[in-house]
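K.L.:
Following this message is one structure expressed as structure tokens.
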Amino acid sequence: MDKGVFPCPYLPLKPFFFKITFLFQVFFFLSVPVYSTDKDDIGERYIATKEFSYWVDTKSNTGVDSVLKEGKFKQVQDEFVNFGFLKGTLWLRLDPEKFPDPTKFPLLLIQAHNIDLVELYHKHDGDSFIVSKSGHIQPMFQREIPHRNFVFRLGHQKETILIEIKSDISLQFSIVFTNQRNLQREDYFTQWVYGLFFGSLGIIILYNLAIAFFVRDKSYFFYIGYVFFFGLGQLSLLGFWGYFFVPNSYYWKRVGIPVFFSICLFFFVLFTANFLKIKARLPRTTRLYQLLGAFSLFNVCIALFGGIAEASIGVSWLSVSICITLFGMLVWGLKKRIRSFYYISIAFFLLLLTCIVYGLLKFGILPSNSFLEEMLFPIASLADITLFAFALADRIQLLRQEKDLALAQVTSLRRERKISRDILMQSLPKTNPDVKGLQIQIYIQPMKDVGGDFYEYHSPNPYELGIVLCDVSGHGIPASLISAMGKVAFTTQKDSISSPKQVLEGMNRVLYGNCSPQYVTASYLYLNSSTNVWRFGRAGHPSAFLQRASGEIIKVHPKGKIIGVFPEIQIDEITYPVFPKDRILLLSDGVLECFDAKGNMFGDAGLIDFLKTNRELPNHLFKGKLIQELESFSNREIKDWEDDLTFIFLELV
């Protein structure tokens with residue numbers, strides 16, 4: 001594939017490619033010469049529709065032998081006639097004096113692609129009619145001349161010709177006298193033209209299919225479905241479906257147009273609704289729009305079960321209804337200046353104009369001709385589909401830019417968070433407290449980059465220790481900043497080291513008004529290894545656990561409100577005597593709020609069981625054992641947790 005045409009999956013289809021394709025199509029369309037309508041001209045064909053007269057047998061109960069007697073024939077007024085959705089049988093008549101020279105024009109061509117039954121009746125040296133059959137009902141190999149149109153041989157007719165036509169699909173046609181050489185020449189040109197058209201659709205489908213699997217965007221898959229079934233619908237409309245794919249199937253020739261175009265409309269609704277995100281933007285309108293898409297599938301069922309005429313009319317009405325609904329949504333989007341609506345709007349207005357013209361043609365409101373019938377949709381649809389492709393490519397480009405911007409912002413944020421984490425970790429005490437008769441294990445693991453847990457201690461002499469453990473609500477840079485303020489607040493309370501109540505209430509007075517909307521929970525422990533006194537207070541923090549040498553476990557839970565929210569708080573403190581081999585555990589909520597795969601929480605019960613099981617575990621092994629227990633329970637490594645994990649373990653010796 002030419003790299004100059006398709007640079008990469010993210011970029012839009014090159015406008016140059018579609019311009020060249022479109023120009024080739026226009027060139028080949030216009031290169032078909034305008035043939036003479038004068039039957040005396042030595043030219044290759046002439047349009048003879050006006051030479052015929054017609055009569056509509058609304059009850060379809062008149063035999064061919066009675067048509068000339070009972071039929072009230074009228075002269076055809078247009079070179080391309082449009083009978084719309086005709087009820088009954090159409091009879092065409094050509095009198096002998098209007099027969100062309102059979103040596104110049106031996107073929108009669110009914111230029112239409114979707115007629116159920118076409119039969120040509122003529123007499124030759126006898127009273128009975130000779131019949132030549134064509135139409136969808138006639139297998140391709142049984143026709144006098146296999147062709148996507150309906151062709152009959154002439155030359156020996158001496159009396160009036162009658163043509164019987166029946167069709168459930170909208171009926172438009174012209175009648176042309178031509179010859180074999182011209183028929184082949186016209187087929188050559190049309191095959192080139194439509195080869196380019198359907199080839200372009202194929203390239204668009206394959207290219208966007210590759211992108212769809214690459215970017216995993218549903219809009220692309222809906223767009224591909226829309227283009228694919230539109231292509232099948234065009235194959236049916238232009239007669240190629242019946243000629244090449246189902247030459248001997250009467251059923252599939254008839255259902256092709258309503259089935260394929262109905263599915264096409266269904267995917268069009270899905271594509272535009274998903275691309276424009278109208279479910280989130282216009283929820284009420286979306287219901288009506290999606291209902292029209294559902295009716296499109298219902299219309300498919302009608303066609304498949306034999307309602308060809310009804311389904312064909314349904315396609316026309318659904319097209320108009322979908323266009324009107326989408327028009328209102330696009331007007332709203334343009335007023336809101338939403339970028340994704342721009343390309344769709346241009347494509348839509350082209351589609352709207354085409355559908356309106358085509359609908360008016362099909363209902364016989366506008367006079368039709370072969371140019372409009374064959375070329376209106378191919379030219380407009382290729383431009384329309386191209387614009388939709390541009391819209392998708394533009395969306396992918398925008399998403400890529402947004403992704404790059406978001407990635408840059410995330411990278412910058414991570415860098416800032418890493419700096420904040422480093423600052424927080426550097427601000428923590430570098431060594432553990434050195435208190436006689438006391439062994440201490442401290443563990444702190446911030447959530448990923450930055451956490452809100454911190455601790456600080458003060459030991460004025462070898463026997464006293466005051467240690468505070470805090471948890472700032474939230475995470476990230478704000479939490480680290482409040483943590484820094486919390487450390488400063490604790491420093492101001494060193495004179496009150498022996499009173500958890502005074503320390504925590506004093507910290508609250510310093511932090512109140514400086515950490516909104518966040519807050520701080522804290523627990524404070526005072527221990528004197530000389531007098532064997534332990535005091536504990538908490539401000540909205542988890543309980544402390546005292547484990548006696550005997551194995552008894554006491555959950556210590558004094559009352560106290562959180563810090564930083566209220567001007568004044570009341571903190572209760574509890575005092576316990578402690579003895580050698582007693583153990584004390586302070587912790588943050590990250591330990592207790594550990595969950596397993598089933599959603600069960602580790603909690604107080606899990607922690608108490610752990611303490612009982614590991615009562616004889618040496619102090620220096622306690623930290624590693626508890627981390628191992630939590631990782632086993634959650635089946636995840638600590639570093640991947642969503643919350644901070646901090647605990648302080650003390651044992652008297």
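Each chain of the structure tokens is named A, B, ... in the order shown, its residues numbered from 1; ligands are numbered from 1 in display order.
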Which residues, written as a compact mmCIF listing (two decimals) with N, CA and C atoms, in the first residue's frame, have at least one atom at most 8 Å from Gln439 in chain A, with only C-alpha atoms counted and residues fewer than 5 positions away on the same chain left out?
P.N.:
```txt
# COMPACT_ATOMS: atom_id res chain seq x y z
N ASN A 619 10.81 -10.09 68.96
CA ASN A 619 10.43 -8.73 68.58
C ASN A 619 10.95 -8.35 67.20
N LEU A 650 5.94 -2.16 70.15
CA LEU A 650 6.82 -1.95 71.29
C LEU A 650 6.74 -3.14 72.23
N GLU A 651 7.87 -3.54 72.81
CA GLU A 651 7.91 -4.65 73.78
C GLU A 651 8.85 -4.27 74.92
N LEU A 652 8.35 -4.41 76.11
CA LEU A 652 9.18 -4.13 77.27
C LEU A 652 10.05 -5.35 77.59
N VAL A 653 11.28 -5.08 77.97
CA VAL A 653 12.21 -6.18 78.27
C VAL A 653 12.69 -6.10 79.71
```
K.L.:
List as an mmCIF file with N, CA and C atoms, in the first residue's frame the protein and nucleic acid residues near Ile444 in chain A, meaning an atom at most 7 Å away when only C-alpha atoms are counted, but skip any in the same chain fewer than 3 places from it.
P.N.:
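Now in around07.cif:
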```
data_model
loop_
_atom_site.group_PDB
_atom_site.id
_atom_site.type_symbol
_atom_site.label_atom_id
_atom_site.label_comp_id
_atom_site.auth_asym_id
_atom_site.auth_seq_id
_atom_site.Cartn_x
_atom_site.Cartn_y
_atom_site.Cartn_z
ATOM 1 N N LEU A 645 0.108 1.985 54.892
ATOM 2 C CA LEU A 645 0.219 0.946 55.922
ATOM 3 C C LEU A 645 1.304 1.366 56.912
ATOM 4 N N THR A 646 0.901 1.577 58.167
ATOM 5 C CA THR A 646 1.846 2.002 59.202
ATOM 6 C C THR A 646 1.509 1.302 60.517
ATOM 7 N N PHE A 647 2.534 0.797 61.211
ATOM 8 C CA PHE A 647 2.325 0.267 62.560
ATOM 9 C C PHE A 647 3.613 0.430 63.370
#
```
K.L.:
Would you list the contacts of Trp641 in chain A as a PyMOL selection string, taking every protein, DNA or RNA residue within 12 Å and counting only C-alpha atoms, but skipping same-chain residues closer than 2 positions in sequence?
P.N.:
chain A and resi 445-449+451+590-591+593-596+630-631+634-639+643-645
K.L.:
May I have the residues from that selection written out with C-alpha atoms, as a short mmCIF file (atom, residue, chain, number, x, y, z; two decimals), in the first residue's frame?
P.N.:
```cif
data_model
loop_
_atom_site.label_atom_id
_atom_site.label_comp_id
_atom_site.auth_asym_id
_atom_site.auth_seq_id
_atom_site.Cartn_x
_atom_site.Cartn_y
_atom_site.Cartn_z
CA GLN A 445 4.59 2.19 53.57
CA PRO A 446 2.91 5.12 51.76
CA MET A 447 0.31 4.33 49.11
CA LYS A 448 2.24 4.09 45.82
CA ASP A 449 3.77 7.54 45.39
CA GLY A 451 0.68 8.83 51.47
CA GLY A 590 -4.43 0.36 56.50
CA VAL A 591 -3.72 -2.72 58.62
CA GLU A 593 -8.89 -2.43 56.35
CA CYS A 594 -7.07 -5.11 54.40
CA PHE A 595 -9.44 -7.12 52.17
CA ASP A 596 -9.19 -10.53 50.56
CA LEU A 630 -1.31 -9.21 55.34
CA GLU A 631 0.07 -10.02 51.87
CA SER A 634 -5.00 -9.97 50.46
CA ASN A 635 -3.06 -11.98 47.87
CA ARG A 636 -1.27 -8.76 46.87
CA GLU A 637 2.06 -7.20 47.62
CA ILE A 638 2.01 -4.31 50.09
CA LYS A 639 3.43 -1.92 47.49
CA ASP A 643 -4.01 2.71 51.34
CA ASP A 644 -1.03 3.57 53.52
CA LEU A 645 0.22 0.95 55.92
#
```
K.L.:
Out of A:Gly256, A:Asn208, A:Gly564, A:Phe152, which residue has the shortest atom-to-atom distance to Phe229 in chain A when counting only C-alpha atoms?
P.N.:
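Ranking A:Gly256, A:Asn208, A:Gly564, A:Phe152 by distance to Phe229 in chain A, first place goes to A:Gly256.
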K.L.:
List as an mmCIF file with C-alpha atoms, in the first residue's frame the protein and nucleic acid residues near range 211-225 of chain A, meaning an atom at most 8 Å away when only C-alpha atoms are counted, but skip any in the same chain fewer than 6 places from it.
P.N.:
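Result went into around_1.cif, see below:
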```
data_model
loop_
_atom_site.group_PDB
_atom_site.id
_atom_site.type_symbol
_atom_site.label_atom_id
_atom_site.label_comp_id
_atom_site.auth_asym_id
_atom_site.auth_seq_id
_atom_site.Cartn_x
_atom_site.Cartn_y
_atom_site.Cartn_z
ATOM 1 C CA PRO A 9 -3.659 4.158 11.445
ATOM 2 C CA TYR A 10 -4.136 7.310 13.501
ATOM 3 C CA ILE A 205 -13.977 -0.967 4.525
ATOM 4 C CA CYS A 264 -27.564 -0.108 6.409
ATOM 5 C CA PHE A 267 -25.818 0.606 11.385
ATOM 6 C CA PHE A 268 -26.073 4.267 10.405
ATOM 7 C CA LEU A 270 -25.644 3.038 15.700
ATOM 8 C CA PHE A 271 -22.693 4.827 14.135
ATOM 9 C CA THR A 272 -24.019 8.368 14.443
ATOM 10 C CA ASN A 274 -22.171 6.361 19.222
ATOM 11 C CA PHE A 275 -19.925 8.855 17.446
ATOM 12 C CA LEU A 392 -13.683 9.196 12.498
#
```
K.L.:
Among range 219-258 of chain A, which ones does DSSP assign to alpha helix (DSSP H) (computed from the backbone)? Answer as a list in words.
P.N.:
Ser219, Tyr220, Phe221, Phe222, Tyr223, Ile224, Gly225, Tyr226, Val227, Phe228, Phe229, Phe230, Gly231, Leu232, Gly233, Gln234, Leu235, Ser236, Leu237, Phe240, Tyr250, Tyr251, Trp252, Lys253, Arg254, Val255, Gly256, Ile257 and Pro258 of chain A
K.L.:
Which residues come within 9 Å of range 575-588 of chain A, counting only C-alpha atoms, excluding same-chain residues fewer than 2 positions away, as number ranges by chain?
P.N.:
A: 437-438, 453, 469-471, 522-525, 527, 529, 531-536, 541-551, 573, 590-592, 644-653
